[in-house]
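K.L.:
To be precise about what I am sending: the file is called my_file.txt and holds compact mmCIF, C-alpha atoms (C1' of nucleotides).
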# COMPACT_ATOMS: atom_id res chain seq x y z
CA MET A 1421 3.57 -30.60 -2.14
CA PRO A 1422 4.29 -29.81 -5.77
CA GLY A 1423 4.70 -26.19 -6.78
CA THR A 1424 4.58 -25.00 -3.19
CA LYS A 1425 7.98 -23.30 -3.15
CA SER A 1426 8.42 -23.97 0.55
CA GLN A 1427 6.32 -21.34 2.27
CA GLU A 1428 8.56 -21.58 5.32
CA LYS A 1429 11.51 -20.34 3.30
CA VAL A 1430 9.43 -17.53 1.87
CA LYS A 1431 8.43 -16.44 5.35
CA GLU A 1432 12.02 -16.67 6.49
CA ILE A 1433 13.19 -14.44 3.66
CA GLN A 1434 10.47 -11.92 4.37
CA ALA A 1435 11.44 -11.87 8.04
CA VAL A 1436 15.00 -10.98 7.07
CA VAL A 1437 14.04 -8.46 4.42
CA ALA A 1438 11.48 -6.42 6.38
CA PRO A 1439 14.00 -4.96 8.87
CA LEU A 1440 16.45 -4.34 6.03
CA PHE A 1441 13.95 -2.37 3.97
CA ALA A 1442 12.78 -0.61 7.12
CA SER A 1443 16.20 0.60 8.19
CA LYS A 1444 17.86 1.42 4.87
CA GLY A 1445 14.88 1.94 2.63
CA TYR A 1446 13.74 -0.19 -0.27
CA HIS A 1447 15.85 1.38 -3.01
CA SER A 1448 19.01 1.37 -0.91
CA THR A 1449 18.78 -2.33 -0.24
CA SER A 1450 20.14 -4.45 -3.07
CA MET A 1451 19.26 -8.01 -3.99
CA ARG A 1452 22.90 -8.89 -3.37
CA GLU A 1453 22.62 -7.62 0.18
CA ILE A 1454 19.38 -9.47 0.78
CA ALA A 1455 20.91 -12.69 -0.50
CA ARG A 1456 23.96 -12.29 1.71
CA GLU A 1457 21.81 -11.61 4.75
CA VAL A 1458 19.53 -14.57 4.03
CA GLY A 1459 22.55 -16.76 3.44
CA MET A 1460 21.94 -17.78 -0.13
CA ASN A 1461 23.01 -16.78 -3.60
CA GLN A 1462 21.43 -13.77 -5.21
CA SER A 1463 20.03 -15.82 -8.07
CA SER A 1464 18.25 -18.21 -5.72
CA LEU A 1465 15.98 -15.43 -4.53
CA TYR A 1466 14.37 -15.44 -7.94
CA HIS A 1467 13.15 -18.95 -7.29
CA TYR A 1468 10.88 -17.60 -4.54
CA PHE A 1469 10.00 -14.18 -5.91
CA ARG A 1470 9.57 -12.74 -9.39
CA GLY A 1471 11.73 -9.82 -8.34
CA LYS A 1472 12.65 -7.34 -5.67
CA GLU A 1473 9.42 -5.40 -5.82
CA GLU A 1474 7.37 -8.53 -5.26
CA ILE A 1475 9.16 -9.17 -1.98
CA LEU A 1476 8.15 -5.73 -0.78
CA PHE A 1477 4.58 -6.09 -1.97
CA GLU A 1478 3.96 -9.44 -0.33
CA ILE A 1479 5.22 -8.25 3.03
CA MET A 1480 3.02 -5.17 2.88
CA ASN A 1481 0.02 -7.07 1.58
CA ASP A 1482 0.24 -9.66 4.36
CA ALA A 1483 0.49 -6.94 6.97
CA MET A 1484 -2.63 -5.21 5.68
CA ASP A 1485 -4.65 -8.40 5.42
CA GLN A 1486 -3.75 -9.38 8.94
CA ALA A 1487 -4.98 -6.09 10.37
CA LEU A 1488 -8.12 -6.09 8.24
CA ILE A 1489 -9.17 -9.50 9.56
CA THR A 1490 -8.96 -8.40 13.17
CA LEU A 1491 -10.64 -5.05 12.54
CA LYS A 1492 -13.55 -6.75 10.83
CA GLN A 1493 -13.87 -9.26 13.64
CA ILE A 1494 -14.13 -6.48 16.19
CA CYS A 1495 -16.75 -4.67 14.15
CA ALA A 1496 -18.80 -7.83 13.69
CA THR A 1497 -19.43 -8.14 17.42
CA ASP A 1498 -22.56 -6.66 18.96
CA LEU A 1499 -20.77 -4.41 21.41
CA LEU A 1500 -21.85 -0.81 21.80
CA PRO A 1501 -20.41 1.47 19.12
CA ARG A 1502 -18.29 3.21 21.73
CA ASP A 1503 -16.78 -0.03 22.93
CA LYS A 1504 -16.18 -1.25 19.40
CA LEU A 1505 -14.32 1.97 18.68
CA MET A 1506 -12.19 1.58 21.80
CA ASN A 1507 -11.33 -1.99 20.82
CA VAL A 1508 -10.39 -0.89 17.33
CA LEU A 1509 -8.20 1.96 18.57
CA HIS A 1510 -6.57 -0.31 21.09
CA PHE A 1511 -5.80 -3.05 18.60
CA TYR A 1512 -4.57 -0.69 15.93
CA THR A 1513 -2.16 1.02 18.31
CA ARG A 1514 -0.75 -2.25 19.58
CA TYR A 1515 -0.46 -3.53 16.03
CA TYR A 1516 1.64 -0.63 14.76
CA ALA A 1517 3.72 0.13 17.82
CA GLY A 1518 4.28 -3.56 18.42
CA ASP A 1519 5.80 -4.43 15.05
CA PRO A 1520 7.48 -1.25 13.82
CA GLU A 1521 9.93 -2.91 11.47
CA ARG A 1522 7.26 -4.49 9.34
CA LEU A 1523 4.67 -1.76 9.61
CA ASN A 1524 7.30 0.81 8.73
CA LEU A 1525 7.04 -0.38 5.14
CA LEU A 1526 3.31 0.30 5.05
CA VAL A 1527 3.95 3.87 6.09
CA ASN A 1528 7.11 4.68 4.16
CA GLU A 1529 7.38 2.54 1.06
CA GLN A 1530 4.10 2.98 -0.79
CA GLN A 1531 5.96 4.92 -3.49
CA SER A 1532 8.25 1.99 -4.16
CA LEU A 1533 5.47 -0.31 -5.31
CA ALA A 1534 4.65 -1.07 -8.92
CA PRO A 1535 1.47 0.74 -10.02
CA GLU A 1536 -0.70 -2.37 -10.08
CA HIS A 1537 0.43 -3.43 -6.61
CA ARG A 1538 0.00 0.10 -5.38
CA ARG A 1539 -3.60 0.03 -6.56
CA ILE A 1540 -4.33 -3.12 -4.60
CA LEU A 1541 -3.04 -1.64 -1.36
CA VAL A 1542 -4.77 1.67 -1.90
CA GLU A 1543 -8.01 -0.26 -2.24
CA LYS A 1544 -7.39 -2.04 1.06
CA GLU A 1545 -6.50 1.28 2.65
CA ARG A 1546 -9.93 2.48 1.62
CA GLU A 1547 -11.41 -0.51 3.43
CA TYR A 1548 -9.56 0.52 6.57
CA VAL A 1549 -10.91 4.04 6.42
CA CYS A 1550 -14.42 2.73 5.72
CA ILE A 1551 -14.31 0.64 8.86
CA PHE A 1552 -13.45 3.72 10.89
CA LYS A 1553 -16.02 5.82 9.07
CA ASP A 1554 -18.77 3.31 9.72
CA LEU A 1555 -17.91 3.24 13.40
CA PHE A 1556 -18.14 7.01 13.57
CA GLY A 1557 -21.39 6.81 11.68
CA GLU A 1558 -22.86 4.60 14.38
CA LEU A 1559 -21.63 7.01 17.02
CA LYS A 1560 -23.07 9.99 15.24
CA ARG A 1561 -26.52 8.47 15.18
CA ASN A 1562 -26.30 8.39 18.96
CA ARG A 1563 -25.19 12.04 18.90
CA THR A 1564 -22.00 11.23 20.74
CA THR A 1565 -19.50 13.04 18.55
CA LYS A 1566 -18.52 16.67 18.41
CA GLU A 1567 -18.54 18.77 15.30
CA ILE A 1568 -15.25 17.58 13.91
CA PRO A 1569 -15.36 16.22 10.35
CA ARG A 1570 -15.24 12.45 10.47
CA SER A 1571 -12.35 12.08 8.07
CA VAL A 1572 -10.22 14.62 9.88
CA ALA A 1573 -10.77 12.73 13.11
CA ILE A 1574 -9.79 9.46 11.45
CA PHE A 1575 -6.66 10.84 9.85
CA ALA A 1576 -5.68 12.47 13.12
CA PHE A 1577 -5.81 9.09 14.76
CA LEU A 1578 -4.00 7.29 11.96
CA GLY A 1579 -1.25 9.90 12.03
CA MET A 1580 -0.85 9.59 15.75
CA VAL A 1581 -0.54 5.82 15.54
CA HIS A 1582 1.57 5.52 12.40
CA TYR A 1583 4.10 7.95 13.82
CA THR A 1584 4.86 5.54 16.65
CA ILE A 1585 7.11 3.57 14.31
CA THR A 1586 9.57 6.48 14.35
CA TRP A 1587 9.77 7.05 18.08
CA TYR A 1588 8.20 4.28 20.12
CA ARG A 1589 10.42 1.43 21.28
CA LYS A 1590 9.34 -1.50 23.37
CA GLY A 1591 11.13 -1.69 26.67
CA GLY A 1592 10.89 2.05 27.24
CA PRO A 1593 9.02 3.82 30.07
CA VAL A 1594 5.61 3.23 28.46
CA ASP A 1595 4.49 -0.29 27.60
CA LEU A 1596 2.25 -1.20 24.68
CA GLU A 1597 -0.93 -1.39 26.72
CA GLY A 1598 -0.19 1.91 28.39
CA LEU A 1599 0.42 3.58 25.04
CA ALA A 1600 -2.85 2.24 23.65
CA ASP A 1601 -4.65 3.51 26.75
CA ILE A 1602 -3.16 6.98 26.33
CA PHE A 1603 -4.09 7.18 22.66
CA CYS A 1604 -7.62 6.07 23.49
CA GLU A 1605 -7.85 8.77 26.11
CA ILE A 1606 -6.51 11.52 23.87
CA PHE A 1607 -8.84 10.48 21.13
CA THR A 1608 -11.83 10.05 23.40
CA ARG A 1609 -11.46 13.41 25.09
CA GLY A 1610 -10.47 15.16 21.91
CA ILE A 1611 -13.05 13.80 19.53
CA LEU A 1612 -16.07 12.58 21.44
CA ARG A 1613 -18.46 14.55 23.59
CA GLU A 1614 -17.38 14.85 27.19
CA ASP A 1615 -20.59 13.42 28.57
CA ALA A 1616 -20.10 10.36 26.43
CA ALA A 1617 -16.43 10.22 27.30
CA THR A 1618 -17.09 9.97 30.99
CA THR A 1619 -19.61 7.20 30.59
CA MET B 628 29.03 39.15 -7.11
CA PRO B 629 31.97 36.79 -7.32
CA GLY B 630 31.60 33.23 -6.09
CA THR B 631 27.90 33.66 -5.48
CA LYS B 632 26.70 30.89 -7.77
CA SER B 633 23.46 32.73 -8.40
CA GLN B 634 21.30 31.99 -5.39
CA GLU B 635 18.21 32.53 -7.50
CA LYS B 636 19.14 29.61 -9.72
CA VAL B 637 19.80 27.47 -6.67
CA LYS B 638 16.35 28.28 -5.29
CA GLU B 639 14.81 27.58 -8.67
CA ILE B 640 16.42 24.18 -8.86
CA GLN B 641 15.31 23.33 -5.33
CA ALA B 642 11.76 24.36 -6.19
CA VAL B 643 11.75 21.92 -9.09
CA VAL B 644 13.45 19.11 -7.20
CA ALA B 645 11.34 19.11 -4.03
CA PRO B 646 8.14 17.94 -5.72
CA LEU B 647 10.12 15.39 -7.73
CA PHE B 648 11.70 13.85 -4.65
CA ALA B 649 8.38 14.03 -2.86
CA SER B 650 6.41 12.16 -5.48
CA LYS B 651 8.90 9.55 -6.69
CA GLY B 652 11.25 9.32 -3.76
CA TYR B 653 14.89 10.42 -3.59
CA HIS B 654 16.51 7.25 -4.90
CA SER B 655 14.07 6.89 -7.77
CA THR B 656 14.80 10.36 -9.06
CA SER B 657 17.93 10.54 -11.19
CA MET B 658 20.16 13.51 -11.83
CA ARG B 659 19.31 13.17 -15.51
CA GLU B 660 15.63 13.55 -14.74
CA ILE B 661 16.27 16.54 -12.51
CA ALA B 662 18.35 18.19 -15.20
CA ARG B 663 15.68 17.59 -17.83
CA GLU B 664 13.00 19.03 -15.56
CA VAL B 665 15.10 22.07 -14.70
CA GLY B 666 15.92 22.54 -18.34
CA MET B 667 19.67 22.25 -18.22
CA ASN B 668 22.35 19.64 -18.78
CA GLN B 669 23.00 17.06 -16.13
CA SER B 670 26.59 18.19 -15.68
CA SER B 671 25.57 21.75 -15.03
CA LEU B 672 23.85 20.74 -11.82
CA TYR B 673 27.25 20.01 -10.35
CA HIS B 674 28.12 23.65 -10.65
CA TYR B 675 25.48 24.46 -8.04
CA PHE B 676 25.66 21.38 -5.84
CA ARG B 677 28.39 18.96 -4.89
CA GLY B 678 26.03 16.09 -5.66
CA LYS B 679 22.57 14.72 -5.49
CA GLU B 680 22.52 14.23 -1.75
CA GLU B 681 23.47 17.85 -1.15
CA ILE B 682 20.39 19.00 -3.04
CA LEU B 683 18.23 16.96 -0.72
CA PHE B 684 20.03 18.12 2.39
CA GLU B 685 19.81 21.81 1.61
CA ILE B 686 16.09 21.65 0.95
CA MET B 687 15.49 19.84 4.21
CA ASN B 688 17.85 22.04 6.17
CA ASP B 689 16.21 25.23 4.93
CA ALA B 690 12.78 23.88 5.82
CA MET B 691 13.85 23.10 9.37
CA ASP B 692 15.58 26.43 9.90
CA GLN B 693 12.55 28.30 8.68
CA ALA B 694 10.26 26.57 11.16
CA LEU B 695 12.73 26.90 14.02
CA ILE B 696 12.92 30.66 13.60
CA THR B 697 9.18 31.11 13.87
CA LEU B 698 8.81 28.67 16.75
CA LYS B 699 11.48 30.50 18.73
CA GLN B 700 9.86 33.83 18.00
CA ILE B 701 6.55 32.60 19.37
CA CYS B 702 8.21 31.25 22.50
CA ALA B 703 10.11 34.49 23.08
CA THR B 704 6.89 36.46 23.55
CA ASP B 705 5.46 36.98 27.01
CA LEU B 706 2.11 35.41 26.29
CA LEU B 707 0.60 32.95 28.73
CA PRO B 708 2.01 29.42 28.34
CA ARG B 709 -1.37 28.21 27.13
CA ASP B 710 -1.54 30.86 24.43
CA LYS B 711 2.05 30.24 23.38
CA LEU B 712 1.23 26.59 22.97
CA MET B 713 -1.83 27.37 20.88
CA ASN B 714 0.22 29.65 18.66
CA VAL B 715 2.86 26.98 18.23
CA LEU B 716 0.33 24.28 17.38
CA HIS B 717 -1.41 26.59 14.97
CA PHE B 718 1.73 27.60 13.17
CA TYR B 719 3.12 24.08 12.99
CA THR B 720 -0.07 22.72 11.48
CA ARG B 721 -0.27 25.44 8.87
CA TYR B 722 3.41 24.98 8.07
CA TYR B 723 3.18 21.27 7.33
CA ALA B 724 -0.24 21.08 5.74
CA GLY B 725 0.46 24.21 3.72
CA ASP B 726 3.63 23.03 2.00
CA PRO B 727 3.30 19.25 1.77
CA GLU B 728 5.67 18.77 -1.17
CA ARG B 729 8.63 20.25 0.62
CA LEU B 730 7.82 19.03 4.10
CA ASN B 731 7.27 15.55 2.73
CA LEU B 732 11.03 15.21 2.49
CA LEU B 733 11.49 15.98 6.16
CA VAL B 734 9.12 13.16 7.03
CA ASN B 735 10.09 10.54 4.46
CA GLU B 736 13.68 11.00 3.35
CA GLN B 737 15.76 11.14 6.52
CA GLN B 738 17.25 7.75 5.61
CA SER B 739 18.54 9.10 2.33
CA LEU B 740 20.88 11.61 3.93
CA ALA B 741 24.60 11.15 4.38
CA PRO B 742 25.47 10.37 8.01
CA GLU B 743 27.00 13.79 8.73
CA HIS B 744 24.02 15.61 7.27
CA ARG B 745 21.67 13.28 9.09
CA ARG B 746 23.36 14.20 12.34
CA ILE B 747 22.82 17.90 11.74
CA LEU B 748 19.10 17.46 11.17
CA VAL B 749 18.68 15.09 14.09
CA GLU B 750 20.20 17.78 16.26
CA LYS B 751 17.73 20.35 15.00
CA GLU B 752 14.93 17.85 15.53
CA ARG B 753 15.98 17.72 19.14
CA GLU B 754 15.64 21.50 19.30
CA TYR B 755 12.08 21.18 18.03
CA VAL B 756 11.17 18.67 20.68
CA CYS B 757 12.84 20.79 23.35
CA ILE B 758 10.70 23.76 22.42
CA PHE B 759 7.58 21.67 22.87
CA LYS B 760 8.89 20.13 26.07
CA ASP B 761 9.66 23.52 27.57
CA LEU B 762 6.18 24.73 26.77
CA PHE B 763 4.67 21.73 28.50
CA GLY B 764 7.01 22.32 31.39
CA GLU B 765 5.59 25.81 31.85
CA LEU B 766 2.10 24.40 31.68
CA LYS B 767 2.85 21.71 34.20
CA ARG B 768 4.03 24.23 36.76
CA ASN B 769 0.56 25.74 36.52
CA ARG B 770 -0.88 22.21 36.93
CA THR B 771 -2.83 22.50 33.72
CA THR B 772 -1.89 19.19 32.15
CA LYS B 773 -3.23 15.73 32.73
CA GLU B 774 -1.18 12.72 33.62
CA ILE B 775 0.00 11.92 30.13
CA PRO B 776 3.78 11.66 29.68
CA ARG B 777 5.05 14.81 28.05
CA SER B 778 6.90 13.09 25.25
CA VAL B 779 3.95 10.91 24.34
CA ALA B 780 1.80 14.00 24.07
CA ILE B 781 4.36 15.72 21.87
CA PHE B 782 4.81 12.75 19.55
CA ALA B 783 1.06 12.34 19.33
CA PHE B 784 0.82 15.89 18.07
CA LEU B 785 3.75 15.60 15.69
CA GLY B 786 2.28 12.42 14.24
CA MET B 787 -1.09 14.04 13.76
CA VAL B 788 0.44 16.99 11.94
CA HIS B 789 3.09 15.20 9.88
CA TYR B 790 0.48 12.79 8.55
CA THR B 791 -1.35 15.67 6.88
CA ILE B 792 1.15 15.56 4.03
CA THR B 793 -0.36 12.24 2.95
CA TRP B 794 -4.01 13.16 3.01
CA TYR B 795 -4.62 16.89 3.31
CA ARG B 796 -5.00 18.92 0.14
CA LYS B 797 -5.64 22.63 -0.07
CA GLY B 798 -8.90 23.44 -1.79
CA GLY B 799 -10.75 20.62 -0.05
CA PRO B 800 -13.67 20.98 2.37
CA VAL B 801 -11.45 22.09 5.26
CA ASP B 802 -9.18 25.10 4.85
CA LEU B 803 -5.81 25.50 6.54
CA GLU B 804 -7.09 27.68 9.36
CA GLY B 805 -9.94 25.29 10.02
CA LEU B 806 -7.59 22.35 10.15
CA ALA B 807 -5.29 24.11 12.59
CA ASP B 808 -8.30 24.94 14.76
CA ILE B 809 -9.44 21.33 14.80
CA PHE B 810 -5.99 20.02 15.71
CA CYS B 811 -5.77 22.60 18.49
CA GLU B 812 -9.11 21.47 19.81
CA ILE B 813 -8.29 17.77 19.69
CA PHE B 814 -5.02 18.41 21.40
CA THR B 815 -6.46 20.79 23.96
CA ARG B 816 -9.30 18.51 24.98
CA GLY B 817 -7.19 15.40 24.79
CA ILE B 818 -4.09 16.56 26.61
CA LEU B 819 -4.89 19.49 28.86
CA ARG B 820 -7.21 19.60 31.84
CA GLU B 821 -10.77 20.42 30.96
CA ASP B 822 -11.00 23.38 33.31
CA ALA B 823 -8.01 24.89 31.62
CA ALA B 824 -9.36 23.98 28.22
CA THR B 825 -12.52 25.96 28.69
CA THR B 826 -10.71 29.09 29.82
C1' DG C 1085 16.65 -25.67 -5.38
C1' DT C 1086 21.02 -23.80 -5.56
C1' DC C 1087 24.93 -22.37 -7.79
C1' DT C 1088 28.42 -19.62 -11.47
C1' DA C 1089 28.72 -16.51 -14.88
C1' DT C 1090 27.20 -12.82 -17.23
C1' DA C 1091 24.08 -9.74 -19.92
C1' DC C 1092 22.10 -5.44 -19.78
C1' DT C 1093 20.73 -1.06 -17.84
C1' DT C 1094 21.08 2.87 -15.19
C1' DT C 1095 23.30 5.40 -12.01
C1' DG C 1096 26.28 9.48 -9.98
C1' DA C 1097 30.08 11.87 -11.09
C1' DT C 1098 34.16 13.92 -13.73
C1' DA C 1099 37.26 15.85 -17.53
C1' DG C 1100 37.78 19.27 -20.46
C1' DA C 1101 36.29 22.22 -24.60
C1' DC C 1102 33.93 26.49 -25.27
C1' DG D 1478 28.31 28.71 -16.55
C1' DT D 1479 27.00 25.42 -19.83
C1' DC D 1480 27.92 21.92 -22.82
C1' DT D 1481 29.69 16.85 -24.96
C1' DA D 1482 31.65 12.74 -23.95
C1' DT D 1483 32.70 9.30 -21.02
C1' DC D 1484 33.93 6.53 -16.85
C1' DA D 1485 33.51 3.33 -13.11
C1' DA D 1486 30.35 1.26 -10.21
C1' DA D 1487 26.24 -0.79 -8.89
C1' DG D 1488 21.88 -2.29 -9.93
C1' DT D 1489 18.26 -6.15 -11.46
C1' DA D 1490 17.59 -10.02 -13.79
C1' DT D 1491 18.51 -14.26 -16.65
C1' DA D 1492 20.76 -18.50 -18.79
C1' DG D 1493 22.10 -22.74 -17.89
C1' DA D 1494 25.00 -26.37 -15.37
C1' DC D 1495 24.47 -29.35 -11.49
Take the structure in this file and express it as structure tokens.
P.N.:
Amino acid sequence: MPGTKSQEKVKEIQAVVAPLFASKGYHSTSMREIAREVGMNQSSLYHYFRGKEEILFEIMNDAMDQALITLKQICATDLLPRDKLMNVLHFYTRYYAGDPERLNLLVNEQQSLAPEHRRILVEKEREYVCIFKDLFGELKRNRTTKEIPRSVAIFAFLGMVHYTITWYRKGGPVDLEGLADIFCEIFTRGILREDAATT
Amino acid sequence: MPGTKSQEKVKEIQAVVAPLFASKGYHSTSMREIAREVGMNQSSLYHYFRGKEEILFEIMNDAMDQALITLKQICATDLLPRDKLMNVLHFYTRYYAGDPERLNLLVNEQQSLAPEHRRILVEKEREYVCIFKDLFGELKRNRTTKEIPRSVAIFAFLGMVHYTITWYRKGGPVDLEGLADIFCEIFTRGILREDAATT
DNA sequence: GTCTATACTTTGATAGAC
DNA sequence: GTCTATCAAAGTATAGAC
């Protein structure tokens, strides 16, 4: 394959870099350190990436795309709005809490992106929020939500989930499924009408 | 006042630096830029601080101390556990959402601290969590909480509140009091027993 | 595709006059 | 307390041989 640049190697580098960026932060991780950790010369990295910032962007971009695909799949089903929402909440929780090293970057390193890359991810972020908003819209038509502004409800949930990367560790007293269940319950009881919640 | 180093100037510098660190990140903000923004020479900064990291630490440390004082005051009253909790949640929400530029650092720049400073703040973080845990302990004795692990409930709340620094802006459709009310409601309905919630 | 060598820039911090 | 001048270190990135 000409001009392919060995996608396996690219993935391998990203797999090494994500935890590095996550633990020390983007700006505190040097290209020299990355190269050492990957096991190649610093200059060789530039064969696979245009620069340090591109490594960060591609990891973050992949992570967002991956989640978007699944979220859209769930929403495309003909489940009841309530069940769709539960599936979305469940998936999203497992996604973040299950891969904290990579998702960490999405939460903490937005500032480190070049403006044009930042714009791309902000746009995808908007897609995320739209998916949630649409779901709540469907619920509202069925009069199943309380009088909490939709966006506040969404951001409350996102905050709850994103924060897991700082405290949740697999292998602890609560497993991933259990955590997703708890978040669903908090959100259900807290946001939706009780009569709907007990359905 | 000998050896005082003009506390007013120190506060002024911190007030300029906090938004800088918050918007561009600690490592992307240089001492030269800080000096320019403050309106003094780069070297002069070293008269007030031992170095860049100390500026960051002192801002973060002050912010934590300030919150701790109020939280302890609330807990020292002889209100009902439920009311104490509501007061704590209310204050904490207003504190974070009301000063996002400074509190941003507490959420995003822990990695940038020197190890010994990091340790100090981690210790204070533990105090925070203890305050919440004790409150839930009081509630549990009255059998007013559901079967959600205490720490999960606490981290759910902290995540919800800390995330406000990324989306909430004063002057929008929801004011600070309203936001605190909503968070209290979500948390009350989601975490506590319904019978207790409607008291 | 991988290396050596190096250019170039920016950084945090210090010395010392005033 | 504030400045000028400067240092040493570390950073990203590139040129070019193999």
K.L.:
At a cut-off of 10 Å, can you tabulate as CSV every residue of range 1458-1571 of chain A near chain C together with its closest atom pair and the distance in Å to one decimal, using only C-alpha atoms (C1' of nucleotides) and ordering rows by chain then number?
P.N.:
residue,atom,partner,partner_atom,distance
A:Met1460,CA,C:DT1086,C1',8.2
A:Asn1461,CA,C:DC1087,C1',7.2
A:Gln1462,CA,C:DC1087,C1',9.6
A:Ser1463,CA,C:DC1087,C1',8.2
A:Ser1464,CA,C:DT1086,C1',6.2
A:Leu1465,CA,C:DT1086,C1',9.8
A:His1467,CA,C:DG1085,C1',7.8
A:Tyr1468,CA,C:DG1085,C1',10.0
K.L.:
Could you please determine the separation between CA of Lys1429 in chain A and CA of Ile1540 in chain A in Å, to one decimal place?
P.N.:
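Interatomic distance, CA of Lys1429 in chain A to CA of Ile1540 in chain A: 24.7 Å.
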K.L.:
When distances are computed from only C-alpha atoms, which of B:Ile686, B:Ala741, B:Val756, B:Ala724 shows the smallest separation from Val788 in chain B?
P.N.:
B:Ala724
K.L.:
Would you mind listing what lies within 10 Å of range 732-738 of chain B as a VMD selection string, with only C-alpha atoms (C1' of nucleotides) counted and same-chain residues fewer than 3 positions away left out?
P.N.:
(chain A and resid 1442 to 1445 1448 1527 to 1529 1583 1586) or (chain B and resid 645 to 646 648 to 650 652 to 654 683 to 684 686 to 688 690 to 691 723 727 to 729 741 to 742 744 to 745 748 to 749 786 789 to 790 792)
K.L.:
Enumerate as an mmCIF file with C-alpha atoms (C1' of nucleotides), keeping the file's coordinate frame the residues belonging to chain D that approach chain A to within 10 Å, with only C-alpha atoms (C1' of nucleotides) taken into account.
P.N.:
data_model
loop_
_atom_site.group_PDB
_atom_site.id
_atom_site.type_symbol
_atom_site.label_atom_id
_atom_site.label_comp_id
_atom_site.auth_asym_id
_atom_site.auth_seq_id
_atom_site.Cartn_x
_atom_site.Cartn_y
_atom_site.Cartn_z
ATOM 1 C "C1'" DA D 1487 26.240 -0.790 -8.890
ATOM 2 C "C1'" DG D 1488 21.880 -2.290 -9.930
ATOM 3 C "C1'" DT D 1489 18.260 -6.150 -11.460
ATOM 4 C "C1'" DA D 1490 17.590 -10.020 -13.790
ATOM 5 C "C1'" DT D 1491 18.510 -14.260 -16.650
#
K.L.:
Pick from A:Ala1435, A:Leu1499, A:Ile1568, A:Leu1509: nearest to chain B, with all atoms listed in the file counted?
P.N.:
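Of all the options, A:Ile1568 lies closest to chain B.
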K.L.:
With distances taken over only C-alpha atoms, which residue among B:Glu804, B:Asp726, B:Glu743, B:Glu774 lies nearest chain A?
P.N.:
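With only C-alpha atoms as the atom set, the closest residue is B:Glu774.
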K.L.:
Show me, as a JSON list (two decimals) with C-alpha atoms, in the frame of the given file, every residue of chain B with an atom at most 6 Å from chain A, counting only C-alpha atoms.
P.N.:
[["chain", "number", "residue", "atom", "x", "y", "z"],
["B", 783, "ALA", "CA", 1.06, 12.34, 19.33],
["B", 786, "GLY", "CA", 2.28, 12.42, 14.24],
["B", 787, "MET", "CA", -1.09, 14.04, 13.76],
["B", 790, "TYR", "CA", 0.48, 12.79, 8.55],
["B", 813, "ILE", "CA", -8.29, 17.77, 19.69],
["B", 816, "ARG", "CA", -9.30, 18.51, 24.98],
["B", 817, "GLY", "CA", -7.19, 15.40, 24.79]]
K.L.:
Rank nothing, just name the residue among B:Leu647, B:Thr656, B:Phe763, B:Met713 nearest to chain C, using all atoms listed in the file.
P.N.:
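Checking each candidate against chain C, we get B:Thr656 as the closest.
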